[in-house]
Amino acid sequence: MKKYLMINSESLGQGDWELGRTLMKMFLGKIVEEEQRPIGISLLNSGVKLACAGSPVLDELKTLEAAGVNISSCITCLKFYDLIDKVEVGIQGSMSLYVQQAFDADDAFVIG
């Protein structure tokens with residue numbers, strides 16, 4: 001079963017921001033450990049910061065990409081946060097790509 005994730009924040013859940021960042025690292029770390037992985041992970045809004053220099057989850061995202069997971073960061077969001085030249089994993093993506101990936105998957109989930 002093909003799964004697709006859209007991550008729309010650099011932290012997981014609402015409340016304490018540092019706790020949310022810790023939870024996001026744990027979440028992506030658990031995905032790395034799983035045999036079954038999503039076909040794609042799209043990063044939107046502040047989630048694009050996860051793919052950029054200084055991110056606490058770069059290792060996890062690079063490991064997932066090396067395992068065949070398509071990682072993409074919203075180009076509109078990268079421009080908004082002035083991060084175009086700071087991306088260290090994945091490609092720059094657009095809404096057209098995200099819609100296509102969601103339709104190609106059996107299940108799509110929004111995380112953040």
# chains A, B, ... in the order shown; residues from 1 in each chain; ligands from 1

call {"tool": "select_by_dssp", "arguments": {"residues": "segment 2-92 of chain A", "states": "helix (DSSP H, G or I)", "output": "ChimeraX atom specification"}}
result
/A:17-33,45-51,58-66,75-80,84-86

call {"tool": "residues_around", "arguments": {"residues": "Glu60 of chain A", "least_positions_apart": "3", "cutoff": "7 Å", "atoms": "only C-alpha atoms", "output": "list of chain:residue names"}}
result
A:Leu28, A:Gly29, A:Val32, A:Val57, A:Thr63, A:Leu64

call {"tool": "write_last_selection", "arguments": {"atoms": "N, CA and C atoms", "output": "compact mmCIF listing (two decimals), in the first residue's frame"}}
result
# COMPACT_ATOMS: atom_id res chain seq x y z
N LEU A 28 9.92 11.05 12.43
CA LEU A 28 10.70 10.73 11.23
C LEU A 28 11.70 9.61 11.50
N GLY A 29 12.24 9.56 12.72
CA GLY A 29 13.15 8.48 13.10
C GLY A 29 12.46 7.13 13.06
N VAL A 32 12.10 5.95 9.51
CA VAL A 32 13.37 5.40 9.03
C VAL A 32 13.50 3.94 9.43
N VAL A 57 16.49 17.24 11.67
CA VAL A 57 16.06 15.97 11.07
C VAL A 57 16.67 15.73 9.69
N THR A 63 18.36 9.84 4.91
CA THR A 63 18.26 8.38 4.94
C THR A 63 17.02 7.92 4.18
N LEU A 64 15.91 8.60 4.38
CA LEU A 64 14.68 8.25 3.67
C LEU A 64 14.83 8.46 2.16

call {"tool": "residues_around", "arguments": {"residues": "segment 16-26 of chain A", "least_positions_apart": "6", "cutoff": "10 Å", "atoms": "only C-alpha atoms", "output": "MDAnalysis selection string"}}
result
chainID A and resid 7 9:10 32 50 55:61 111:112

call {"tool": "residues_around", "arguments": {"residues": "Ala102 of chain A", "least_positions_apart": "6", "cutoff": "9 Å", "atoms": "only C-alpha atoms", "output": "PDB file with N, CA, C and O atoms, in the first residue's frame"}}
result
ATOM      1  N   LYS A   3       1.773   5.019   0.610  1.00  0.00           N
ATOM      2  CA  LYS A   3       1.373   6.122   1.475  1.00  0.00           C
ATOM      3  C   LYS A   3       2.189   7.367   1.124  1.00  0.00           C
ATOM      4  O   LYS A   3       3.334   7.279   0.706  1.00  0.00           O
ATOM      5  N   TYR A   4       1.585   8.524   1.331  1.00  0.00           N
ATOM      6  CA  TYR A   4       2.193   9.811   1.005  1.00  0.00           C
ATOM      7  C   TYR A   4       1.967  10.748   2.180  1.00  0.00           C
ATOM      8  O   TYR A   4       0.868  10.798   2.736  1.00  0.00           O
ATOM      9  N   LEU A   5       3.002  11.475   2.585  1.00  0.00           N
ATOM     10  CA  LEU A   5       2.908  12.386   3.723  1.00  0.00           C
ATOM     11  C   LEU A   5       3.124  13.829   3.285  1.00  0.00           C
ATOM     12  O   LEU A   5       4.026  14.112   2.498  1.00  0.00           O
ATOM     13  N   MET A   6       2.314  14.714   3.815  1.00  0.00           N
ATOM     14  CA  MET A   6       2.523  16.152   3.664  1.00  0.00           C
ATOM     15  C   MET A   6       2.790  16.687   5.067  1.00  0.00           C
ATOM     16  O   MET A   6       1.941  16.552   5.948  1.00  0.00           O
ATOM     17  N   GLY A  40       6.389   9.274  -0.828  1.00  0.00           N
ATOM     18  CA  GLY A  40       6.822  10.660  -0.882  1.00  0.00           C
ATOM     19  C   GLY A  40       6.524  11.403   0.394  1.00  0.00           C
ATOM     20  O   GLY A  40       5.587  11.066   1.122  1.00  0.00           O
ATOM     21  N   ALA A 108      -3.072   9.341   1.782  1.00  0.00           N
ATOM     22  CA  ALA A 108      -2.296  10.561   1.988  1.00  0.00           C
ATOM     23  C   ALA A 108      -2.620  11.113   3.370  1.00  0.00           C
ATOM     24  O   ALA A 108      -3.773  11.097   3.791  1.00  0.00           O
ATOM     25  N   PHE A 109      -1.592  11.569   4.054  1.00  0.00           N
ATOM     26  CA  PHE A 109      -1.741  12.068   5.419  1.00  0.00           C
ATOM     27  C   PHE A 109      -1.080  13.434   5.554  1.00  0.00           C
ATOM     28  O   PHE A 109      -0.010  13.661   5.008  1.00  0.00           O
TER      29      PHE A 109
END

call {"tool": "residues_around", "arguments": {"residues": "Ile39 of chain A", "least_positions_apart": "5", "cutoff": "8 Å", "atoms": "only C-alpha atoms", "output": "list in words"}}
result
Lys2, Lys3, Tyr4, Gly68, Val69, Asn70 and Ala105 of chain A

call {"tool": "write_last_selection", "arguments": {"atoms": "N, CA and C atoms", "output": "compact mmCIF listing (two decimals), in the first residue's frame"}}
result
# COMPACT_ATOMS: atom_id res chain seq x y z
N LYS A 2 0.67 2.14 -0.96
CA LYS A 2 1.50 3.34 -1.10
C LYS A 2 0.93 4.48 -0.26
N LYS A 3 1.77 5.02 0.61
CA LYS A 3 1.37 6.12 1.47
C LYS A 3 2.19 7.37 1.12
N TYR A 4 1.58 8.52 1.33
CA TYR A 4 2.19 9.81 1.01
C TYR A 4 1.97 10.75 2.18
N GLY A 68 14.78 5.71 -1.27
CA GLY A 68 13.81 5.81 -2.36
C GLY A 68 12.59 6.65 -2.10
N VAL A 69 12.51 7.31 -0.93
CA VAL A 69 11.37 8.18 -0.64
C VAL A 69 11.60 9.52 -1.34
N ASN A 70 10.61 9.97 -2.09
CA ASN A 70 10.71 11.27 -2.77
C ASN A 70 10.46 12.38 -1.75
N ALA A 105 -0.89 7.88 -4.57
CA ALA A 105 -0.82 7.10 -3.34
C ALA A 105 -2.17 6.46 -3.03

call {"tool": "residues_around", "arguments": {"residues": "segment 86-101 of chain A", "least_positions_apart": "4", "cutoff": "6 Å", "atoms": "only C-alpha atoms", "output": "list in words"}}
result
Ala51, Cys52, Ala53, Ile71, Ser72, Ser73, Cys74 and Ile75 of chain A
